2 protein chains.
Amino acid sequence: MFRRLLSFDEAERVISRYIPAGPLGVECVAILGAFGRVLAEDVVAGLDVPSFDRSTVDGFAVRARDTFGADENSPAKLRVGGNAVVGKLSRCAVRSGVAVGIVTGAPLPVGADAVVMVEDTEFKRGVLLVRSAVVEGSNVMRAGSDFKKGEVVLRRGAVLGSAEVGVLAAVGLADVDVFVVPRVAVLSTGAEVTRPGGKLLPGRVFDTNAYGLCAAVVESGGVPVFLGVFPDRAAVIRRALVKALACADVVVTSGGVSVGPKDFLPGVLGSFGEPGVVVSGVAIKPGKPFTVAVVGGKLVFALPGHPASALLVFRLFVRPVIEALGGRKPRGFVEVKAVAGARMFSAKGRRTFVSVKLKRDERGELVAEPVPVGLSGAISTLAGADGFVEVAENRMFFDAGDEVAVKLLKECKV
Amino acid sequence: MFRRLLSFDEAERVISRYIPAGPLGVECVAILGAFGRVLAEDVVAGLDVPSFDRSTVDGFAVRARDTFGADENSPAKLRVGGNAVVGKLSRCAVRSGVAVGIVTGAPLPVGADAVVMVEDTEFKRGVLLVRSAVVEGSNVMRAGSDFKKGEVVLRRGAVLGSAEVGVLAAVGLADVDVFVVPRVAVLSTGAEVTRPGGKLLPGRVFDTNAYGLCAAVVESGGVPVFLGVFPDRAAVIRRALVKALACADVVVTSGGVSVGPKDFLPGVLGSFGEPGVVVSGVAIKPGKPFTVAVVGGKLVFALPGHPASALLVFRLFVRPVIEALGGRKPRGFVEVKAVAGARMFSAKGRRTFVSVKLKRDERGELVAEPVPVGLSGAISTLAGADGFVEVAENRMFFDAGDEVAVKLLKECKV
């Protein structure tokens, strides 16, 4: 256990070596339930959208040329030769001197090249007076002007938001191929760890990690599979891991990875054969005991037992893996610049993550106030934080007043 | 139909008058499925977390005073009087001159006030040598240091992210009261509107709005109830609205709200009695025909038929209502400053929303490039946009090079 700790960057590199080359798989889902999913293929328009020249107003379809020079005082005079309705192609035709009534969304009749708005017209003794000139294409949405047949309308990897789902519908797709959502098994270890909801025996603590981690899996675009809490016994934990590996694409445990006599996890992880444990501690704070193994080709992340450390290490190292397996581009962190509200120390030689709360000072400047941390990585410190500041391995500290980059942990407006 | 259009702010005020005073209701959910939900009550810790003084390292529980002055050359010498394990209170006691072995997470034995790390100790002829002094509280997480019994750990209205779910677990809650998710009925109107998935008859278009809007409902924290596409016939649409009002808290329709002969919707909405239609067109672009009615105490939003207009108006006016009904603080928009990449015009007297794509220019400056818009509010313009710039009613334009505020429509990193 006295191996040199890997640096943050080294740990990241080692992990990336064991991420499967592509997403896990592809499934077909109805677009009505596709919100937030990731496209597994380029989507090509199978038709022009719209598929016909379409009026964008209520009025009269005309030949633009017939209106040239028309104004309030010398209106163009046209005969009305029928009406174009929505939902079917018009049987009427527009010739020189003829207009056809039309409503918004209706196909332009043959021969027409523009639409005059109803507000610019008047009927007088059976004649349509057009009081405003239009040019070719006025008030017409051309066939294919939204999408052309054969055009790529959305790219593989696109995350389907409301506009993207609208695009899929517009080109007539009722379902679509998306990447399978990675399944992430979550289990806790520790004789003192008790499931929430019951009475707490003396000397015990409620399981905080598994629940926070399951939520973090959802947040990362995965599906959590919660397996429960397991006592610190090698045989029991080994069985739990076998079960986890059978039902999930990634396994996340918490607890059992410091150097104490009860910390069986690295030993158990090593017992599955090569490559076994590939990261055994990382030079970061919090999160130093972070351990990673590869078992049967799957990544097993053994997170520290302290809740705030577990969630932070998850966010830094596990979320990008879930994103990759699900075909998502890594979202990383949204960063804002702020002024350090107090000195932020680094742990000598370890990349240090200082939880901060963002505030505006009286001059309107954004200030990053460190959240007081107990020794413990208490969950309260993370729940109270808007984000964190990274202090590099080779830096002593940021001083109060220094500009710092805050990586946001939640959507926040300040 | 020749009423004066309401301004954006007036429309917002009228709508807000009809939003019920509080959230819809409260339900109890398991914390494992509570991610993203909104707390309906302040959560008070029912116990100290942790509920006992807890070691944060592997080592020896001691009286700090016994180690004062200890260093590499003159270690303190202590007798080891047993071991404290995790999961139960220790039966051992620490007196002056006595240490008790302890592992991470174990309760501190009676009499101890600090823990010496195992790395700072050595056994020699049955005597424990302590080579580093500790002070009271060293390597101990005090009872109640994460949360104190009776402390409010999360406030009503908090959105449950991973850290918040962890907090609920830490205080022992297996389930929690959250606000009910608003149900939003979505229906489309128009004889030319066809459900995606089939063949498109000539003169018809695929229903784009309902699918995009259902996704937007999810994005807003609601549950969509998709009712289908209905032809432009007053009796049919009235029946659909009755069904929608019976099963949902909010109703959203699209299409059927311009001034054409087929636009029955305002009439139908008025037929339900007072207050009926409360907004009949708004001085915005796009989205002018936007109509709002109140039927049986519920808000009915009749959005324009053009997909990009429908989605934008939804985002501006409907999402805040869904948030309010679900007990969410309005999230509004994340704004970034950028330089206008081209002149952006306003529609005279109407607040204009110009879709933009964000880019970095060669000097690294953030540039907002207007997305070319057809006459139509084509869905492609919205799908290609990162956000929009608002041009106020009383402004002619933003010129290329002006600083503009871009309201983001999607999480984006540039």
# chains A, B, ... in the order shown; residues from 1 in each chain; ligands from 1
call {"tool": "residues_around", "arguments": {"residues": "Ala246 of chain B", "least_positions_apart": "6", "cutoff": "12 Å", "atoms": "only C-alpha atoms", "output": "short mmCIF file (atom, residue, chain, number, x, y, z; two decimals) with N, CA and C atoms, in the first residue's frame"}}
result
data_model
loop_
_atom_site.label_atom_id
_atom_site.label_comp_id
_atom_site.auth_asym_id
_atom_site.auth_seq_id
_atom_site.Cartn_x
_atom_site.Cartn_y
_atom_site.Cartn_z
N ARG B 183 -49.17 18.56 -14.37
CA ARG B 183 -49.50 17.86 -15.62
C ARG B 183 -49.90 18.90 -16.67
N VAL B 184 -49.30 18.79 -17.83
CA VAL B 184 -49.54 19.77 -18.89
C VAL B 184 -50.06 19.05 -20.12
N ALA B 185 -51.31 19.31 -20.47
CA ALA B 185 -51.89 18.70 -21.67
C ALA B 185 -51.40 19.46 -22.91
N VAL B 225 -48.96 15.51 -21.15
CA VAL B 225 -50.04 14.59 -21.49
C VAL B 225 -50.40 14.93 -22.94
N LEU B 227 -52.33 14.78 -26.23
CA LEU B 227 -53.70 14.39 -26.57
C LEU B 227 -53.91 14.17 -28.07
N ARG B 239 -64.38 19.78 -27.50
CA ARG B 239 -64.36 18.49 -26.79
C ARG B 239 -62.95 18.14 -26.33
N ALA B 240 -61.97 18.41 -27.20
CA ALA B 240 -60.58 18.12 -26.84
C ALA B 240 -60.15 18.97 -25.64
N VAL B 295 -59.92 28.93 -18.10
CA VAL B 295 -61.14 28.13 -18.16
C VAL B 295 -61.20 27.25 -16.92
N GLY B 296 -62.25 27.39 -16.15
CA GLY B 296 -62.38 26.60 -14.93
C GLY B 296 -61.20 26.79 -14.00
N GLY B 297 -60.66 28.01 -13.98
CA GLY B 297 -59.54 28.31 -13.09
C GLY B 297 -58.19 27.85 -13.62
N LYS B 298 -58.17 27.21 -14.80
CA LYS B 298 -56.89 26.73 -15.34
C LYS B 298 -56.45 27.56 -16.52
#
call {"tool": "residues_around", "arguments": {"residues": "Leu241 of chain A", "least_positions_apart": "3", "cutoff": "9 Å", "atoms": "only C-alpha atoms", "output": "ChimeraX atom specification"}}
result
/A:187,236-238,244-246,251,269,300
call {"tool": "write_last_selection", "arguments": {"atoms": "N, CA and C atoms", "output": "mmCIF file, in the first residue's frame"}}
result
data_model
loop_
_atom_site.group_PDB
_atom_site.id
_atom_site.type_symbol
_atom_site.label_atom_id
_atom_site.label_comp_id
_atom_site.auth_asym_id
_atom_site.auth_seq_id
_atom_site.Cartn_x
_atom_site.Cartn_y
_atom_site.Cartn_z
ATOM 1 N N LEU A 187 -23.036 0.462 -4.567
ATOM 2 C CA LEU A 187 -23.125 -0.260 -3.300
ATOM 3 C C LEU A 187 -22.254 0.409 -2.259
ATOM 4 N N VAL A 236 -18.305 -11.456 1.477
ATOM 5 C CA VAL A 236 -19.590 -10.808 1.204
ATOM 6 C C VAL A 236 -19.430 -9.749 0.119
ATOM 7 N N ILE A 237 -18.382 -8.966 0.245
ATOM 8 C CA ILE A 237 -18.171 -7.890 -0.726
ATOM 9 C C ILE A 237 -17.837 -8.465 -2.097
ATOM 10 N N ARG A 238 -17.100 -9.546 -2.109
ATOM 11 C CA ARG A 238 -16.779 -10.189 -3.382
ATOM 12 C C ARG A 238 -18.069 -10.641 -4.082
ATOM 13 N N ALA A 244 -22.929 -7.121 -8.965
ATOM 14 C CA ALA A 244 -22.905 -5.782 -9.570
ATOM 15 C C ALA A 244 -22.369 -5.844 -10.997
ATOM 16 N N LEU A 245 -21.296 -6.592 -11.182
ATOM 17 C CA LEU A 245 -20.671 -6.676 -12.503
ATOM 18 C C LEU A 245 -21.587 -7.378 -13.504
ATOM 19 N N ALA A 246 -22.419 -8.277 -12.998
ATOM 20 C CA ALA A 246 -23.313 -9.010 -13.888
ATOM 21 C C ALA A 246 -24.447 -8.127 -14.401
ATOM 22 N N VAL A 251 -19.367 -0.077 -11.989
ATOM 23 C CA VAL A 251 -19.693 -0.309 -10.588
ATOM 24 C C VAL A 251 -19.069 0.810 -9.756
ATOM 25 N N LEU A 269 -10.770 -6.461 -4.867
ATOM 26 C CA LEU A 269 -10.727 -6.039 -6.274
ATOM 27 C C LEU A 269 -9.561 -6.693 -6.995
ATOM 28 N N VAL A 300 -14.493 -0.500 -12.115
ATOM 29 C CA VAL A 300 -15.057 -0.464 -10.767
ATOM 30 C C VAL A 300 -14.403 0.711 -10.041
#
call {"tool": "atom_distance", "arguments": {"atom1": "atom CA of Phe206 of chain A", "atom2": "atom CA of Ala302 of chain A"}}
result
18.8 Å
call {"tool": "atom_distance", "arguments": {"atom1": "atom CA of Arg156 of chain B", "atom2": "atom CA of Val43 of chain B"}}
result
7.6 Å
call {"tool": "select_by_dssp", "arguments": {"residues": "segment 42-93 of chain A", "states": "strand (DSSP E or B)", "output": "ChimeraX atom specification"}}
result
/A:43-44,49,54-55,59-62,76-84,93
call {"tool": "write_last_selection", "arguments": {"atoms": "N, CA and C atoms", "output": "short mmCIF file (atom, residue, chain, number, x, y, z; two decimals), in the first residue's frame"}}
result
data_model
loop_
_atom_site.label_atom_id
_atom_site.label_comp_id
_atom_site.auth_asym_id
_atom_site.auth_seq_id
_atom_site.Cartn_x
_atom_site.Cartn_y
_atom_site.Cartn_z
N VAL A 43 -29.31 12.20 -38.61
CA VAL A 43 -30.69 12.11 -39.10
C VAL A 43 -30.79 12.93 -40.39
N VAL A 44 -31.25 12.27 -41.44
CA VAL A 44 -31.36 12.89 -42.76
C VAL A 44 -32.83 13.12 -43.06
N VAL A 49 -39.07 19.96 -46.09
CA VAL A 49 -39.94 20.51 -45.05
C VAL A 49 -40.00 22.02 -45.22
N ARG A 54 -45.78 27.22 -49.16
CA ARG A 54 -46.83 27.35 -48.16
C ARG A 54 -47.06 28.81 -47.84
N SER A 55 -48.30 29.24 -47.74
CA SER A 55 -48.57 30.62 -47.37
C SER A 55 -48.32 30.80 -45.87
N GLY A 59 -54.67 35.61 -46.89
CA GLY A 59 -54.72 36.66 -47.90
C GLY A 59 -55.05 36.09 -49.27
N PHE A 60 -54.29 36.56 -50.28
CA PHE A 60 -54.57 36.14 -51.65
C PHE A 60 -53.28 35.78 -52.37
N ALA A 61 -53.30 34.57 -52.97
CA ALA A 61 -52.15 34.14 -53.77
C ALA A 61 -52.22 34.86 -55.12
N VAL A 62 -51.08 35.40 -55.51
CA VAL A 62 -51.06 36.21 -56.74
C VAL A 62 -49.77 35.94 -57.52
N ALA A 76 -53.85 47.60 -57.39
CA ALA A 76 -53.98 46.65 -58.49
C ALA A 76 -55.37 46.03 -58.40
N LYS A 77 -55.93 45.71 -59.54
CA LYS A 77 -57.28 45.13 -59.56
C LYS A 77 -57.20 43.71 -60.08
N LEU A 78 -57.71 42.75 -59.27
CA LEU A 78 -57.62 41.35 -59.66
C LEU A 78 -58.99 40.69 -59.51
N ARG A 79 -59.16 39.63 -60.27
CA ARG A 79 -60.37 38.82 -60.15
C ARG A 79 -60.03 37.66 -59.23
N VAL A 80 -60.98 37.28 -58.33
CA VAL A 80 -60.70 36.16 -57.43
C VAL A 80 -61.22 34.87 -58.04
N GLY A 81 -60.32 33.93 -58.24
CA GLY A 81 -60.66 32.68 -58.93
C GLY A 81 -60.67 31.49 -58.01
N GLY A 82 -61.27 31.60 -56.82
CA GLY A 82 -61.39 30.43 -55.93
C GLY A 82 -60.63 30.60 -54.63
N ASN A 83 -60.59 29.54 -53.87
CA ASN A 83 -59.94 29.57 -52.55
C ASN A 83 -59.03 28.36 -52.37
N ALA A 84 -57.86 28.61 -51.78
CA ALA A 84 -56.94 27.51 -51.45
C ALA A 84 -57.08 27.24 -49.96
N ALA A 93 -55.92 27.72 -60.10
CA ALA A 93 -54.65 28.17 -60.64
C ALA A 93 -54.67 29.69 -60.69
#
call {"tool": "residues_around", "arguments": {"residues": "Pro202 of chain A", "least_positions_apart": "5", "cutoff": "8 Å", "atoms": "only C-alpha atoms", "output": "compact mmCIF listing (two decimals) with C-alpha atoms, in the first residue's frame"}}
result
# COMPACT_ATOMS: atom_id res chain seq x y z
CA SER B 51 -24.47 10.92 16.34
CA PHE B 52 -21.17 10.27 18.17
CA GLY B 87 -20.51 0.06 14.28
CA LYS B 88 -20.77 -0.03 18.06
CA LEU B 89 -19.81 2.04 21.06
